[in-house]
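Structure file final.txt (compact mmCIF, C-alpha atoms and all ligand atoms) follows.
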```
# COMPACT_ATOMS: atom_id res chain seq x y z
CA MET A 1 108.41 137.34 73.72
CA THR A 2 110.79 134.74 75.15
CA ILE A 3 110.25 130.99 75.06
CA GLY A 4 111.98 128.75 77.58
CA ILE A 5 113.03 125.30 76.40
CA ILE A 6 113.82 122.51 78.86
CA GLY A 7 116.45 120.54 76.93
CA GLY A 8 119.06 121.70 74.44
CA GLY A 9 119.39 118.74 72.07
CA GLN A 10 118.59 118.81 68.35
CA LEU A 11 114.88 119.37 69.03
CA GLY A 12 115.70 122.43 71.15
CA LEU A 13 118.06 123.59 68.41
CA MET A 14 115.37 123.40 65.73
CA ILE A 15 112.73 125.04 67.99
CA ALA A 16 115.18 127.92 68.61
CA GLU A 17 115.97 128.24 64.88
CA GLN A 18 112.28 128.57 64.01
CA ALA A 19 111.64 130.93 66.93
CA ARG A 20 114.34 133.26 65.63
CA GLY A 21 112.60 133.40 62.24
CA LEU A 22 109.39 134.44 63.98
CA GLY A 23 111.11 137.14 66.04
CA VAL A 24 110.77 135.14 69.26
CA ARG A 25 113.68 134.90 71.74
CA THR A 26 114.66 131.61 73.37
CA VAL A 27 116.32 130.59 76.62
CA CYS A 28 117.45 127.01 76.90
CA LEU A 29 118.34 124.75 79.85
CA ASP A 30 120.59 121.72 79.41
CA PRO A 31 123.18 119.95 81.55
CA ALA A 32 125.79 119.91 78.74
CA ALA A 33 127.63 123.20 78.17
CA ASP A 34 128.06 122.25 74.49
CA ALA A 35 124.40 121.27 73.87
CA PRO A 36 123.37 121.82 70.20
CA ALA A 37 120.67 124.41 71.01
CA PHE A 38 123.15 126.64 72.83
CA ARG A 39 124.58 127.65 69.44
CA VAL A 40 121.37 129.41 68.43
CA CYS A 41 119.33 130.29 71.52
CA ASP A 42 119.56 133.77 73.05
CA GLU A 43 120.23 132.74 76.64
CA ARG A 44 121.68 129.59 78.19
CA ILE A 45 121.31 127.89 81.55
CA VAL A 46 123.69 124.97 82.14
CA ALA A 47 122.13 122.80 84.85
CA PRO A 48 120.79 119.27 85.40
CA PHE A 49 117.12 118.61 84.62
CA ASP A 50 116.40 117.93 88.29
CA ASP A 51 117.83 121.26 89.48
CA ALA A 52 114.65 122.93 90.78
CA ALA A 53 116.25 126.35 91.21
CA ALA A 54 117.65 126.37 87.66
CA LEU A 55 114.30 125.29 86.17
CA GLU A 56 112.60 128.07 88.12
CA GLU A 57 115.16 130.54 86.76
CA LEU A 58 114.31 129.36 83.21
CA CYS A 59 110.60 129.95 83.92
CA ARG A 60 111.27 133.40 85.41
CA ARG A 61 113.13 134.46 82.25
CA SER A 62 110.40 133.11 79.88
CA ASP A 63 106.91 134.17 78.82
CA ALA A 64 106.08 130.54 77.96
CA VAL A 65 107.98 127.32 78.63
CA THR A 66 108.08 124.06 76.70
CA TYR A 67 110.13 120.88 76.95
CA GLU A 68 112.03 118.71 74.52
CA PHE A 69 113.30 116.45 77.30
CA GLU A 70 110.72 113.92 78.48
CA ASN A 71 111.94 112.89 81.88
CA VAL A 72 111.62 116.10 83.87
CA PRO A 73 110.57 114.90 87.34
CA GLY A 74 106.93 115.68 88.19
CA GLU A 75 107.74 116.87 91.70
CA ILE A 76 109.70 119.75 90.12
CA LEU A 77 107.53 120.49 87.09
CA ILE A 78 104.08 120.38 88.76
CA PRO A 79 104.74 123.31 91.17
CA LEU A 80 106.30 125.29 88.29
CA CYS A 81 103.21 124.64 86.12
CA GLU A 82 101.09 126.24 88.86
CA LYS A 83 103.27 129.34 89.08
CA TYR A 84 104.45 129.95 85.50
CA ASN A 85 103.13 129.72 81.94
CA ILE A 86 103.90 126.14 80.83
CA PRO A 87 100.87 125.81 78.55
CA GLN A 88 101.28 122.12 77.70
CA GLY A 89 101.34 121.37 81.42
CA TYR A 90 102.66 118.27 83.09
CA ARG A 91 99.81 115.92 82.18
CA PRO A 92 100.93 114.74 78.70
CA LEU A 93 104.46 114.16 80.03
CA TYR A 94 103.09 112.20 82.99
CA ASP A 95 100.85 110.11 80.75
CA SER A 96 103.75 109.27 78.42
CA GLN A 97 106.49 108.60 80.97
CA ASP A 98 105.29 105.08 81.81
CA ARG A 99 104.45 102.66 78.99
CA LEU A 100 101.74 100.90 80.99
CA ARG A 101 100.00 104.17 81.90
CA GLU A 102 100.49 105.43 78.34
CA LYS A 103 98.85 102.44 76.67
CA THR A 104 96.06 102.24 79.25
CA ASN A 105 95.32 105.93 78.68
CA ALA A 106 95.33 105.47 74.89
CA ARG A 107 92.91 102.56 75.15
CA GLU A 108 90.65 104.44 77.59
CA HIS A 109 90.47 107.26 75.04
CA GLY A 110 89.41 105.01 72.22
CA LEU A 111 92.64 104.15 70.41
CA ARG A 112 93.46 100.56 69.53
CA THR A 113 96.71 99.28 71.04
CA PRO A 114 98.60 96.00 70.77
CA ARG A 115 97.43 93.66 73.56
CA PHE A 116 99.58 94.20 76.65
CA ALA A 117 100.05 93.11 80.26
CA ALA A 118 101.93 94.46 83.29
CA VAL A 119 104.96 92.36 84.24
CA ASP A 120 106.67 92.66 87.62
CA ASP A 121 108.21 89.25 88.25
CA GLU A 122 108.75 85.86 86.66
CA ALA A 123 105.23 84.65 87.49
CA SER A 124 103.55 87.65 85.84
CA LEU A 125 105.93 87.35 82.86
CA ARG A 126 104.95 83.70 82.36
CA ALA A 127 101.26 84.60 82.73
CA ALA A 128 101.70 87.38 80.13
CA VAL A 129 103.48 85.03 77.70
CA ALA A 130 100.65 82.48 78.11
CA GLU A 131 98.10 85.18 77.34
CA LEU A 132 99.89 87.07 74.55
CA GLY A 133 101.66 84.13 72.95
CA LEU A 134 105.16 84.07 71.46
CA PRO A 135 106.84 86.02 70.11
CA CYS A 136 106.09 88.97 72.38
CA VAL A 137 107.96 92.12 73.32
CA LEU A 138 109.14 92.89 76.86
CA LYS A 139 109.83 96.56 77.62
CA THR A 140 110.78 98.48 80.73
CA ARG A 141 107.88 100.73 81.72
CA THR A 142 110.03 103.84 82.05
CA LEU A 143 113.09 105.43 80.45
CA GLY A 144 113.24 103.24 77.31
CA TYR A 145 113.98 104.87 73.96
CA ASP A 146 115.20 103.91 70.48
CA GLY A 147 114.90 100.20 71.26
CA HIS A 148 116.80 100.47 74.58
CA GLY A 149 115.17 98.60 77.46
CA GLN A 150 113.32 96.09 75.32
CA ALA A 151 113.65 92.50 74.19
CA VAL A 152 111.75 90.29 71.75
CA LEU A 153 110.92 86.96 73.40
CA ARG A 154 110.70 84.07 70.95
CA GLY A 155 111.19 81.07 73.24
CA GLU A 156 112.12 79.75 76.67
CA GLU A 157 115.78 80.79 76.27
CA ASP A 158 114.81 84.41 75.63
CA ILE A 159 112.50 84.38 78.65
CA VAL A 160 115.30 83.22 80.95
CA ARG A 161 117.73 85.72 79.42
CA ALA A 162 115.20 88.55 79.95
CA LEU A 163 114.65 87.86 83.66
CA PRO A 164 117.24 90.46 84.82
CA MET A 165 115.09 93.13 83.09
CA LEU A 166 112.47 92.48 85.77
CA ALA A 167 114.60 94.36 88.32
CA VAL A 168 112.38 97.26 87.21
CA PRO A 169 108.64 97.21 86.36
CA CYS A 170 107.98 96.06 82.79
CA ILE A 171 105.21 95.67 80.23
CA ALA A 172 104.78 92.77 77.80
CA GLU A 173 103.12 93.41 74.44
CA GLU A 174 101.94 91.14 71.68
CA PHE A 175 104.43 91.14 68.79
CA MET A 176 102.79 93.10 66.00
CA ARG A 177 103.47 91.86 62.48
CA PHE A 178 102.70 95.32 61.17
CA ASP A 179 102.76 96.37 57.53
CA PHE A 180 104.57 99.56 58.47
CA GLU A 181 105.00 102.18 61.18
CA ALA A 182 103.72 105.74 60.91
CA SER A 183 103.42 108.75 63.13
CA VAL A 184 101.09 111.72 63.35
CA VAL A 185 102.27 115.04 64.77
CA THR A 186 99.45 117.36 65.84
CA VAL A 187 99.52 120.91 67.18
CA ASP A 188 96.35 121.98 69.00
CA ASP A 189 95.88 125.46 70.42
CA GLY A 190 92.43 124.80 71.82
CA ARG A 191 90.74 126.55 68.88
CA GLU A 192 92.00 124.41 66.06
CA ALA A 193 94.29 121.44 65.55
CA VAL A 194 96.66 120.95 62.62
CA CYS A 195 98.29 117.65 61.62
CA PHE A 196 101.46 117.20 59.60
CA PRO A 197 101.42 114.77 56.66
CA VAL A 198 101.71 111.10 57.62
CA GLY A 199 104.87 109.31 56.52
CA ARG A 200 106.06 105.73 56.61
CA ASN A 201 108.72 105.29 59.30
CA ILE A 202 111.44 102.75 58.62
CA HIS A 203 113.51 101.71 61.64
CA ARG A 204 116.84 99.98 61.82
CA ASP A 205 118.06 98.42 65.09
CA GLY A 206 115.16 100.12 66.90
CA ILE A 207 116.19 103.60 65.67
CA LEU A 208 114.33 105.62 63.03
CA ASP A 209 116.29 105.41 59.78
CA LEU A 210 114.01 106.80 57.06
CA CYS A 211 110.72 108.60 56.88
CA VAL A 212 108.99 108.41 53.49
CA VAL A 213 106.21 110.93 52.91
CA PRO A 214 103.44 110.50 52.07
CA ALA A 215 103.00 107.00 53.48
CA ASP A 216 101.60 104.85 50.67
CA ALA A 217 98.61 103.99 52.82
CA GLY A 218 95.78 105.57 50.87
CA GLU A 219 94.22 108.89 51.69
CA GLY A 220 91.38 107.29 53.65
CA LEU A 221 93.65 105.62 56.20
CA ARG A 222 95.90 108.67 56.54
CA GLY A 223 92.82 110.85 57.07
CA ARG A 224 91.47 108.51 59.76
CA MET A 225 94.83 108.50 61.56
CA GLU A 226 94.88 112.28 61.57
CA ALA A 227 91.25 112.59 62.70
CA GLU A 228 91.73 110.05 65.50
CA SER A 229 94.93 111.77 66.67
CA ARG A 230 93.14 115.12 66.83
CA ARG A 231 90.19 113.57 68.67
CA PHE A 232 92.51 111.78 71.13
CA MET A 233 94.42 114.97 71.88
CA ARG A 234 91.22 116.95 72.42
CA GLU A 235 89.60 114.30 74.61
CA CYS A 236 92.74 113.99 76.74
CA GLY A 237 92.72 117.78 77.13
CA TYR A 238 96.27 118.11 75.79
CA ARG A 239 97.43 121.36 74.21
CA GLY A 240 100.52 122.23 72.18
CA ILE A 241 102.32 119.50 70.28
CA LEU A 242 101.80 115.74 70.43
CA ALA A 243 103.45 113.02 68.33
CA ILE A 244 101.81 109.60 68.22
CA GLU A 245 103.53 106.55 66.76
CA TYR A 246 101.28 103.89 65.27
CA PHE A 247 101.69 100.39 63.89
CA VAL A 248 99.66 99.98 60.69
CA LYS A 249 98.32 96.52 59.88
CA ASP A 250 95.61 95.43 57.45
CA GLY A 251 94.20 98.93 57.08
CA GLU A 252 93.98 99.50 60.86
CA PHE A 253 96.32 101.43 63.13
CA TYR A 254 97.45 100.66 66.67
CA PHE A 255 98.86 103.16 69.18
CA ASN A 256 102.49 102.36 70.07
CA GLU A 257 103.67 105.43 71.95
CA MET A 258 103.41 109.20 72.16
CA ALA A 259 105.59 112.20 72.98
CA PRO A 260 104.42 115.73 73.81
CA ARG A 261 107.27 117.33 71.86
CA PRO A 262 108.47 117.64 68.25
CA HIS A 263 109.27 114.24 66.77
CA ASN A 264 112.16 112.89 64.72
CA SER A 265 109.77 111.50 62.11
CA ALA A 266 108.50 115.02 61.31
CA HIS A 267 111.88 116.67 60.70
CA PHE A 268 111.02 116.42 57.01
CA THR A 269 108.42 119.17 57.57
CA ILE A 270 111.14 121.86 57.71
CA GLU A 271 111.64 121.82 53.94
CA GLY A 272 109.02 119.28 52.84
CA CYS A 273 106.01 121.29 54.06
CA THR A 274 104.76 124.84 53.85
CA THR A 275 105.19 125.13 57.63
CA ASN A 276 106.95 122.81 60.05
CA GLN A 277 106.45 121.18 63.44
CA PHE A 278 108.92 123.45 65.26
CA ARG A 279 107.44 126.61 63.78
CA GLU A 280 103.87 125.65 64.66
CA LEU A 281 104.93 124.80 68.23
CA VAL A 282 106.48 128.28 68.52
CA ARG A 283 103.38 129.88 66.99
CA TYR A 284 101.25 128.05 69.56
CA LEU A 285 103.50 129.13 72.45
CA ALA A 286 103.58 132.72 71.20
CA GLY A 287 99.79 132.86 70.83
CA MET A 288 99.90 133.23 67.03
CA PRO A 289 97.22 131.54 64.92
CA LEU A 290 98.30 128.14 63.61
CA GLU A 291 99.01 127.52 59.95
CA ARG A 292 97.79 124.40 58.22
CA PRO A 293 100.79 122.54 56.73
CA ARG A 294 100.80 121.27 53.18
CA LEU A 295 103.28 118.82 51.65
CA VAL A 296 105.40 120.62 49.04
CA ALA A 297 106.40 117.40 47.21
CA PRO A 298 107.05 113.74 48.02
CA THR A 299 109.90 113.76 50.54
CA VAL A 300 112.32 111.32 52.18
CA MET A 301 114.09 112.05 55.47
CA LYS A 302 117.25 110.10 56.30
CA ASN A 303 118.57 110.14 59.87
CA ILE A 304 122.33 110.61 60.11
CA LEU A 305 123.84 108.54 62.91
CA GLY A 306 127.53 108.69 63.84
CA GLN A 307 128.49 106.06 61.29
CA ASP A 308 127.04 108.18 58.47
CA LEU A 309 128.40 111.56 59.53
CA ALA A 310 131.29 111.66 57.03
CA ALA A 311 128.94 110.71 54.18
CA ALA A 312 126.49 113.44 55.22
CA GLU A 313 129.27 116.02 55.35
CA ALA A 314 130.21 115.02 51.79
CA VAL A 315 126.57 115.39 50.64
CA ALA A 316 126.48 118.84 52.30
CA CYS A 317 129.35 119.94 50.03
CA GLU A 318 127.49 118.94 46.87
CA SER A 319 124.93 121.05 45.15
CA ARG A 320 121.78 119.03 44.53
CA GLU A 321 118.36 120.57 44.25
CA GLY A 322 115.98 119.64 47.06
CA VAL A 323 118.69 118.08 49.25
CA HIS A 324 118.87 119.70 52.70
CA VAL A 325 121.56 118.58 55.13
CA HIS A 326 121.12 119.34 58.84
CA LEU A 327 124.10 118.66 61.12
CA TYR A 328 123.42 119.24 64.80
CA GLY A 329 126.99 120.15 65.79
CA LYS A 330 127.28 117.58 68.58
CA SER A 331 130.83 117.59 69.89
CA GLU A 332 131.14 113.79 70.06
CA SER A 333 130.13 111.48 67.23
CA ARG A 334 129.31 107.85 68.09
CA PRO A 335 127.76 105.05 66.05
CA LYS A 336 123.97 105.06 66.67
CA ARG A 337 124.04 108.66 68.00
CA LYS A 338 121.77 111.02 66.05
CA MET A 339 124.17 113.55 64.52
CA GLY A 340 121.92 115.09 61.88
CA HIS A 341 119.40 114.36 59.15
CA ILE A 342 119.01 114.94 55.44
CA THR A 343 115.75 115.85 53.77
CA PHE A 344 115.32 114.92 50.11
CA VAL A 345 112.44 117.04 48.81
CA GLY A 346 111.02 115.77 45.53
CA SER A 347 112.20 112.21 46.19
CA ASP A 348 110.11 109.08 46.72
CA ALA A 349 111.30 105.74 48.12
CA ALA A 350 112.38 104.40 44.70
CA ARG A 351 114.35 107.50 43.78
CA TYR A 352 116.01 107.57 47.21
CA ALA A 353 116.99 103.91 46.84
CA ALA A 354 118.40 104.50 43.35
CA GLU A 355 120.25 107.74 44.00
CA TRP A 356 121.19 107.92 47.67
CA ALA A 357 120.92 104.69 49.67
CA ASP A 358 124.40 103.49 48.61
CA ARG A 359 126.02 106.55 50.11
CA PHE A 360 125.21 105.47 53.66
CA VAL A 361 126.11 102.49 55.85
CA LYS A 362 123.87 99.51 55.03
P1 LIG A 401 109.29 101.71 70.94
O1 LIG A 401 110.42 102.22 71.79
O2 LIG A 401 108.15 101.19 71.72
O3 LIG A 401 108.85 102.72 69.90
O4 LIG A 401 109.89 100.49 70.10
C1 LIG A 401 110.96 100.66 69.18
C2 LIG A 401 110.69 99.85 67.93
O5 LIG A 401 110.57 98.44 68.26
C3 LIG A 401 109.35 100.20 67.26
O6 LIG A 401 109.50 101.33 66.45
C4 LIG A 401 109.05 98.90 66.51
O7 LIG A 401 109.80 98.84 65.32
C5 LIG A 401 109.55 97.82 67.46
N1 LIG A 401 108.44 97.39 68.34
C6 LIG A 401 108.06 97.95 69.50
N2 LIG A 401 106.98 97.35 70.03
C7 LIG A 401 106.64 96.35 69.18
C8 LIG A 401 105.61 95.37 69.15
N3 LIG A 401 104.69 95.28 70.13
N4 LIG A 401 105.57 94.53 68.09
C9 LIG A 401 106.48 94.59 67.10
N5 LIG A 401 107.49 95.49 67.07
C10 LIG A 401 107.58 96.37 68.08
```

Is it possible to give me this structure as C-alpha cells?
Amino acid sequence: MTIGIIGGGQLGLMIAEQARGLGVRTVCLDPAADAPAFRVCDERIVAPFDDAAALEELCRRSDAVTYEFENVPGEILIPLCEKYNIPQGYRPLYDSQDRLREKTNAREHGLRTPRFAAVDDEASLRAAVAELGLPCVLKTRTLGYDGHGQAVLRGEEDIVRALPMLAVPCIAEEFMRFDFEASVVTVDDGREAVCFPVGRNIHRDGILDLCVVPADAGEGLRGRMEAESRRFMRECGYRGILAIEYFVKDGEFYFNEMAPRPHNSAHFTIEGCTTNQFRELVRYLAGMPLERPRLVAPTVMKNILGQDLAAAEAVACESREGVHVHLYGKSESRPKRKMGHITFVGSDAARYAAEWADRFVK
C-alpha cells in the first residue's frame, strides 16, 4: 500500500512518520527539494503544485492520495479525482479555499458563524461596516493564513488604510469578542466518525501559540462541538479528515474556518492521545477501521517558531518525563516560521505557565 501526499511540509512529514509505523509506504510531492517530509517518505517528487504531469505521476505511483497543501488548483485536481483514488475528493478543498464560500456553506449546513458580508470595493466595504459595526475584521477571500491578508478595522483611519486590500475580493466579519478559540478534528470513513479531544487554542500575532487540552469548557459544550462537527461533515458528504476552528462565546460556538487536512492544533494527539490525527488519516486512506482516540492526560502543545528554536533544542537535550520535542528539520529558520512543536503530556495551563513559559520568547 502506498499513499501519495501532495505537500511535503511538517504535516506531510508527520503523515509519513505514522504511515511507516502502520507498514504503509508514502510518496510525497513538494516544490522544495529539502521539504521536511522528504526525510521520511519512501519516494520523492520535486515539482510545483500546479505541475499537472508531476501530480499525475504522484497519483500513478499511489494507491490513495491525500493533500496537506490547500491551494492545489481545481482544474488540475478535479480530472485527477476522476481517474485516481483521491478519496477525500476536491469538494472540501473547494469549499474551504474561499472564505465567503466557506462561511456560506457552513451556515447552509446549520453551523453558526460570525455575521459576514462580501466586500469588493469601497462602497461595499462601507455598507458592510454600517451593517456589522466597528470593530470588524476585513480578510481576503483566498490565500490568507496565520493572520496574513487580514486587518481589524476600528475606525475611519483603518478603513482608509485597508482600501488597497480591495485589489482582491474580500470578506468583512463582525469582530467576535470570544471567550476562547477551539478546534475539532474529525476523521470520517463513511461508516463511523471519530473526533479528537477539544483543546483551547491560544494565538499570538495571528499564529497558534499554545493548545491546552482539554479545553476548560465543560463536557457538555465539548460534546456538542464534536457532535455538530460530525453532523456537518456527514451532511456535506466529506470523507477523510476535517479540522474546524470555532470561536467560543457564552457557551455557544461559531464556525471560523475549516481545513480538510491534519491541523496544527491537534499535533498534541501524537503523544497526548491513544491514537493521533495523522495515524487515523492513514488508517482511513489504507481502508483500516478507525480507532477512537482517548486523551492520555491533560496536555499542552507549544508551537516552536523560529525565535524559539534554540530554546526548543535545549529542551530536547533535557530529560523530562512527558516532554516531547518535534523539530521539523526545515533548512531555514525565520521568526514566525513554524519550526517544530513541543508536547507536554501531564501538564495543564498552570503547570505550563509555572515550569515552561519563561523558556520561550514572550
Ligand atoms: P483566521 O485566519 O480566520 O483563522 O484568523 C486568524 C486569527 O484572527 C483567528 O484565530 C482569531 O484569533 C482572529 N480572528 C479572525 N477572525 C476574527 C473575528 N471575526 N473576530 C475576532 N477575531 C478574529

Quick one: residues within 12 Å of A:Pro289, only C-alpha atoms counted, chain neighbours fewer than 5 positions away excluded, as a PyMOL selection string?
-> chain A and resi 187-194+279-284

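Straight-line separation from atom CA of A:Met233 to atom CA of A:Asn276: 18.9 Å.
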
Could you report the residues within 8 Å of ligand LIG 401 (chain A), using only C-alpha atoms and all ligand atoms, as an mmCIF file with C-alpha atoms, in the frame of the given file?
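To be explicit, this is the file written out as pocket-v6.cif:
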```
data_model
loop_
_atom_site.group_PDB
_atom_site.id
_atom_site.type_symbol
_atom_site.label_atom_id
_atom_site.label_comp_id
_atom_site.auth_asym_id
_atom_site.auth_seq_id
_atom_site.Cartn_x
_atom_site.Cartn_y
_atom_site.Cartn_z
ATOM 1 C CA PRO A 114 98.600 96.000 70.770
ATOM 2 C CA CYS A 136 106.090 88.970 72.380
ATOM 3 C CA VAL A 137 107.960 92.120 73.320
ATOM 4 C CA LYS A 139 109.830 96.560 77.620
ATOM 5 C CA GLY A 144 113.240 103.240 77.310
ATOM 6 C CA TYR A 145 113.980 104.870 73.960
ATOM 7 C CA ASP A 146 115.200 103.910 70.480
ATOM 8 C CA GLY A 147 114.900 100.200 71.260
ATOM 9 C CA HIS A 148 116.800 100.470 74.580
ATOM 10 C CA GLN A 150 113.320 96.090 75.320
ATOM 11 C CA GLU A 173 103.120 93.410 74.440
ATOM 12 C CA GLU A 174 101.940 91.140 71.680
ATOM 13 C CA PHE A 175 104.430 91.140 68.790
ATOM 14 C CA MET A 176 102.790 93.100 66.000
ATOM 15 C CA ARG A 177 103.470 91.860 62.480
ATOM 16 C CA PHE A 178 102.700 95.320 61.170
ATOM 17 C CA GLU A 181 105.000 102.180 61.180
ATOM 18 C CA ILE A 202 111.440 102.750 58.620
ATOM 19 C CA HIS A 203 113.510 101.710 61.640
ATOM 20 C CA ARG A 204 116.840 99.980 61.820
ATOM 21 C CA GLY A 206 115.160 100.120 66.900
ATOM 22 C CA ILE A 207 116.190 103.600 65.670
ATOM 23 C CA LEU A 208 114.330 105.620 63.030
ATOM 24 C CA GLU A 245 103.530 106.550 66.760
ATOM 25 C CA PHE A 247 101.690 100.390 63.890
ATOM 26 C CA ASN A 256 102.490 102.360 70.070
ATOM 27 C CA GLU A 257 103.670 105.430 71.950
#
```

Which is closest to A:Thr275 among A:Ala314, A:Cys195, A:Cys81, A:Ala182, if we use all atoms listed in the file?
->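 The answer is A:Cys195, which sits nearest to A:Thr275.
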
Of the candidates A:Ala349, A:Val361, A:Ala217, A:Val72, which shows the shortest atom-to-atom distance to A:Asp179, using all atoms listed in the file?
-> A:Ala217

Distance query A:Ser229 at most 10 Å, all atoms listed in the file, self and fewer than 2 positions along chain excluded, as a list of chain:residue names = A:Leu111, A:Ser183, A:Val184, A:Val185, A:Thr186, A:Ala193, A:Cys195, A:Gly223, A:Arg224, A:Met225, A:Glu226, A:Ala227, A:Arg231, A:Phe232, A:Met233, A:Arg234, A:Glu235, A:Leu242, A:Ala243, A:Ile244, A:Phe255

Return the single residue from A:Leu295, A:Glu156, A:Gly7, A:Met288 that is closest to A:Thr269, with distances computed using all atoms listed in the file.
-> A:Leu295

Non-local contacts of stretch 157-164 of chain A (9 Å; all atoms listed in the file; under 5 positions in same chain excluded) as a list of chain:residue names |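 Residues meeting the cut-off are A:Asp121, A:Glu122, A:Leu125, A:Arg126, A:Leu138, A:Ala151, A:Val152.
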